[in-house]
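Heads up: the structure comes next, in structure tokens.
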Amino acid sequence: MDAPYGFSFVGLVVLGFWVTGLVMAVTADLAAALPALVSGTLLAGCLALSLHTTLRGKFLVWRDVLDELDLRGDERLLDLGCGRGAVLLAAARHLPRGRAVGVDLWRGRDQSGNTPAATLRNAQAEGVADRVHVQAGDLRRLPYAEASFDLVVSSLTVHTIFGSDARAQAITEAYRVLRPGGRLLIADLARTPREYAAVLTRLDAQDIHVRGLGWRAWWGSPWVPTRLLTARKPTIP
């Protein structure tokens, strides 16, 4: 689950609204209780949609995104902030002769059970452990040589880096490790992909596009969508 502490907090707020509403309904009247009960119910609906996104929706969205790439199967792929491997392992299934590398800081506040060992266990369970490698690393200073990967992907990670300059540095690093002709795909919250697109424009990336990923990747409402940034590194003339 993404942002487990956030979900716990919102769940407590929902419970607080409902308890307050019920107490008011008993001690005062239903009209006085309605604002708290309605607020709690609406927030519970937002929470349910977000839970669907983190537990199922993002997997379906990335399945479709990866299918659209029409990979050869021998590419080298890097997943920035791979966590427990939701995108990394889905990508690895498309790379029977390739390599899927995941890099992360492995912070529990970002995702429950977030450890390298958990990712490798998941890779074993999915039957792709032979082509998956994970490594601890800072996205602002990637431990890889220039032009190391055919494809760089990231899901809901870059926005967690504090400060626009630091996020720009992470995008620049992602672009640096791409091979000429390589593709970059970053899914992230709301307006942040447009921020990344501006960085890539300054780096002279090609085919830069930002699009929404639909209701399956909404975080509680249409006002907090997930958008996908895609770009390509120019080939050497």
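Here's how to read the names in the structure tokens: chain A, B, ... by the order shown, residue numbers from 1 in each chain, ligand numbers from 1 in the order shown.
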Using only C-alpha atoms, what table do you get, as a tab-separated table, when you list each residue of segment 139-169 of chain A with an atom no more than 12 Å from segment 65-86 of chain A, its nearest pair of atoms, and their distance in Å rounded to one decimal, rows by chain then rising number?
residue	atom	partner	partner_atom	distance
A:Leu139	CA	A:Leu80	CA	6.8
A:Arg140	CA	A:Leu80	CA	10.4
A:Arg141	CA	A:Leu80	CA	11.5
A:Leu142	CA	A:Leu80	CA	9.3
A:Pro143	CA	A:Leu78	CA	11.5
A:Tyr144	CA	A:Leu78	CA	10.0
A:Ala147	CA	A:Arg76	CA	10.6
A:Ser148	CA	A:Arg76	CA	7.7
A:Phe149	CA	A:Arg76	CA	5.1
A:Asp150	CA	A:Arg76	CA	5.4
A:Leu151	CA	A:Leu77	CA	4.7
A:Val152	CA	A:Leu78	CA	4.7
A:Val153	CA	A:Asp79	CA	4.9
A:Ser154	CA	A:Leu80	CA	4.8
A:Ser155	CA	A:Gly81	CA	7.3
A:Leu156	CA	A:Gly81	CA	8.2
A:Thr157	CA	A:Gly81	CA	5.7
A:Val158	CA	A:Gly81	CA	7.9
A:His159	CA	A:Gly81	CA	10.9
A:Thr160	CA	A:Gly81	CA	9.9
A:Ile161	CA	A:Gly81	CA	10.8
List every residue of segment 2-196 of chain A that DSSP, applied to the backbone of this structure, places in strand (DSSP E), and write the result as a count of residues only. 35
Using only C-alpha atoms, what table do you get, as a tab-separated table, when you list each residue of segment 25-99 of chain A with an atom no more than 12 Å from segment 221-230 of chain A, its nearest pair of atoms, and their distance in Å rounded to one decimal, rows by chain then rising number?
residue	atom	partner	partner_atom	distance
A:Leu42	CA	A:Ser221	CA	10.5
A:Leu43	CA	A:Ser221	CA	10.1
A:Ala44	CA	A:Ser221	CA	11.6
A:Gly45	CA	A:Ser221	CA	9.1
A:Cys46	CA	A:Ser221	CA	6.3
A:Leu47	CA	A:Ser221	CA	9.3
A:Ala48	CA	A:Ser221	CA	10.3
A:Leu49	CA	A:Ser221	CA	7.5
A:Ser50	CA	A:Ser221	CA	8.2
A:Leu51	CA	A:Ser221	CA	11.8
A:His52	CA	A:Ser221	CA	11.8
A:Thr53	CA	A:Thr226	CA	9.8
A:Thr54	CA	A:Thr226	CA	11.4
A:Gly57	CA	A:Thr226	CA	10.8
A:Lys58	CA	A:Thr226	CA	9.2
A:Val61	CA	A:Thr226	CA	10.1
A:Trp62	CA	A:Leu228	CA	10.1
A:Val65	CA	A:Leu228	CA	9.3
A:Leu69	CA	A:Thr230	CA	11.0
Write out the residues from the selection above, keeping C-alpha atoms, as a compact mmCIF listing (two decimals), in the first residue's frame.
# COMPACT_ATOMS: atom_id res chain seq x y z
CA LEU A 42 -18.01 11.60 1.48
CA LEU A 43 -14.51 11.26 2.87
CA ALA A 44 -15.03 7.50 3.21
CA GLY A 45 -15.92 7.38 -0.49
CA CYS A 46 -12.71 9.23 -1.36
CA LEU A 47 -10.77 6.82 0.84
CA ALA A 48 -12.36 3.81 -0.87
CA LEU A 49 -11.44 5.14 -4.32
CA SER A 50 -7.86 5.77 -3.19
CA LEU A 51 -7.65 2.26 -1.75
CA HIS A 52 -8.81 0.87 -5.10
CA THR A 53 -6.09 2.87 -6.84
CA THR A 54 -3.29 1.68 -4.58
CA GLY A 57 -6.02 0.40 -10.14
CA LYS A 58 -2.34 1.23 -10.54
CA VAL A 61 -3.01 1.02 -15.51
CA TRP A 62 0.64 -0.02 -15.70
CA VAL A 65 0.99 1.16 -20.34
CA LEU A 69 5.27 -0.19 -25.43
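The closest residue to His133 of chain A, picked from A:Leu185, A:Ile171, A:Val87, A:Ala92 and counting only C-alpha atoms, is A:Ala92.
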Leaving out Thr235 of chain A and any residue of its chain fewer than 4 positions from it, which residues lie within 12 Å of it when counting only C-alpha atoms, given as a PyMOL selection string? chain A and resi 147+150+178-183+204-206
With C-alpha atoms retained, could you export that selection as a short mmCIF file (atom, residue, chain, number, x, y, z; two decimals), in the first residue's frame?
data_model
loop_
_atom_site.label_atom_id
_atom_site.label_comp_id
_atom_site.auth_asym_id
_atom_site.auth_seq_id
_atom_site.Cartn_x
_atom_site.Cartn_y
_atom_site.Cartn_z
CA ALA A 147 23.34 5.65 -21.28
CA ASP A 150 16.76 1.46 -22.83
CA LEU A 178 18.89 6.64 -20.80
CA ARG A 179 20.53 5.40 -23.97
CA PRO A 180 20.04 7.42 -27.17
CA GLY A 181 16.60 6.51 -28.46
CA GLY A 182 15.55 5.34 -25.00
CA ARG A 183 12.15 6.09 -23.51
CA ASP A 204 16.15 18.72 -25.51
CA ALA A 205 14.15 15.54 -25.05
CA GLN A 206 11.82 14.56 -27.88
#
DSSP on the backbone, alpha helix (DSSP H) only: what residues of segment 44-187 of chain A does that give? Format it as a ChimeraX atom specification. /A:44-52,58-69,86-92,116-126,164-176
Atoms to include: C-alpha atoms. Write the selected residues as an mmCIF file, in the first residue's frame.
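Below is the file that was written, selection39.cif:
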data_model
loop_
_atom_site.group_PDB
_atom_site.id
_atom_site.type_symbol
_atom_site.label_atom_id
_atom_site.label_comp_id
_atom_site.auth_asym_id
_atom_site.auth_seq_id
_atom_site.Cartn_x
_atom_site.Cartn_y
_atom_site.Cartn_z
ATOM 1 C CA ALA A 44 -15.029 7.500 3.209
ATOM 2 C CA GLY A 45 -15.918 7.382 -0.487
ATOM 3 C CA CYS A 46 -12.714 9.227 -1.355
ATOM 4 C CA LEU A 47 -10.769 6.820 0.842
ATOM 5 C CA ALA A 48 -12.359 3.814 -0.872
ATOM 6 C CA LEU A 49 -11.437 5.145 -4.323
ATOM 7 C CA SER A 50 -7.860 5.769 -3.189
ATOM 8 C CA LEU A 51 -7.654 2.255 -1.755
ATOM 9 C CA HIS A 52 -8.806 0.868 -5.099
ATOM 10 C CA LYS A 58 -2.335 1.230 -10.539
ATOM 11 C CA PHE A 59 -1.549 -2.380 -11.454
ATOM 12 C CA LEU A 60 -4.176 -2.353 -14.215
ATOM 13 C CA VAL A 61 -3.009 1.019 -15.507
ATOM 14 C CA TRP A 62 0.638 -0.025 -15.696
ATOM 15 C CA ARG A 63 -0.305 -3.319 -17.338
ATOM 16 C CA ASP A 64 -1.901 -1.326 -20.142
ATOM 17 C CA VAL A 65 0.992 1.163 -20.345
ATOM 18 C CA LEU A 66 3.575 -1.614 -20.599
ATOM 19 C CA ASP A 67 1.523 -3.492 -23.195
ATOM 20 C CA GLU A 68 1.448 -0.352 -25.352
ATOM 21 C CA LEU A 69 5.268 -0.192 -25.431
ATOM 22 C CA ALA A 86 4.487 -3.332 -8.586
ATOM 23 C CA VAL A 87 5.830 -1.827 -11.817
ATOM 24 C CA LEU A 88 9.258 -3.480 -11.762
ATOM 25 C CA LEU A 89 7.868 -7.014 -11.812
ATOM 26 C CA ALA A 90 5.156 -6.196 -14.341
ATOM 27 C CA ALA A 91 7.889 -4.838 -16.614
ATOM 28 C CA ALA A 92 10.114 -7.864 -15.998
ATOM 29 C CA PRO A 116 14.620 -4.958 -0.857
ATOM 30 C CA ALA A 117 14.030 -8.443 0.530
ATOM 31 C CA ALA A 118 10.268 -8.067 0.053
ATOM 32 C CA THR A 119 10.800 -7.026 -3.567
ATOM 33 C CA LEU A 120 13.026 -10.006 -4.277
ATOM 34 C CA ARG A 121 10.523 -12.366 -2.636
ATOM 35 C CA ASN A 122 7.815 -10.933 -4.860
ATOM 36 C CA ALA A 123 10.060 -11.413 -7.902
ATOM 37 C CA GLN A 124 10.564 -15.046 -6.930
ATOM 38 C CA ALA A 125 6.824 -15.545 -6.504
ATOM 39 C CA GLU A 126 6.158 -14.000 -9.928
ATOM 40 C CA SER A 164 11.495 21.548 -7.242
ATOM 41 C CA ASP A 165 15.255 21.798 -7.778
ATOM 42 C CA ALA A 166 15.781 18.362 -6.237
ATOM 43 C CA ARG A 167 13.004 16.885 -8.373
ATOM 44 C CA ALA A 168 14.559 18.473 -11.454
ATOM 45 C CA GLN A 169 17.846 16.837 -10.505
ATOM 46 C CA ALA A 170 16.126 13.432 -10.312
ATOM 47 C CA ILE A 171 14.565 13.920 -13.751
ATOM 48 C CA THR A 172 17.937 14.997 -15.146
ATOM 49 C CA GLU A 173 19.531 11.855 -13.709
ATOM 50 C CA ALA A 174 16.819 9.665 -15.207
ATOM 51 C CA TYR A 175 17.481 11.246 -18.589
ATOM 52 C CA ARG A 176 21.257 10.880 -18.192
#
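Atom CA of Leu22 of chain A is found 7.6 Å from atom CA of Leu37 of chain A.
Atom pair atom CA of Leu184 of chain A / atom CA of Ile208 of chain A: separated by 9.3 Å.
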Of the candidates A:Arg97, A:Arg131, A:Lys233, A:Arg56, which one gets nearest to Leu200 of chain A if we count only C-alpha atoms? A:Lys233
Of A:Ala231, A:Val128, A:Ala28, A:Ala190, the one nearest to Trp218 of chain A when counting only C-alpha atoms is A:Ala190
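The interatomic distance for the pair atom CA of Asp130 of chain A and atom CA of Val101 of chain A works out to 11.4 Å.
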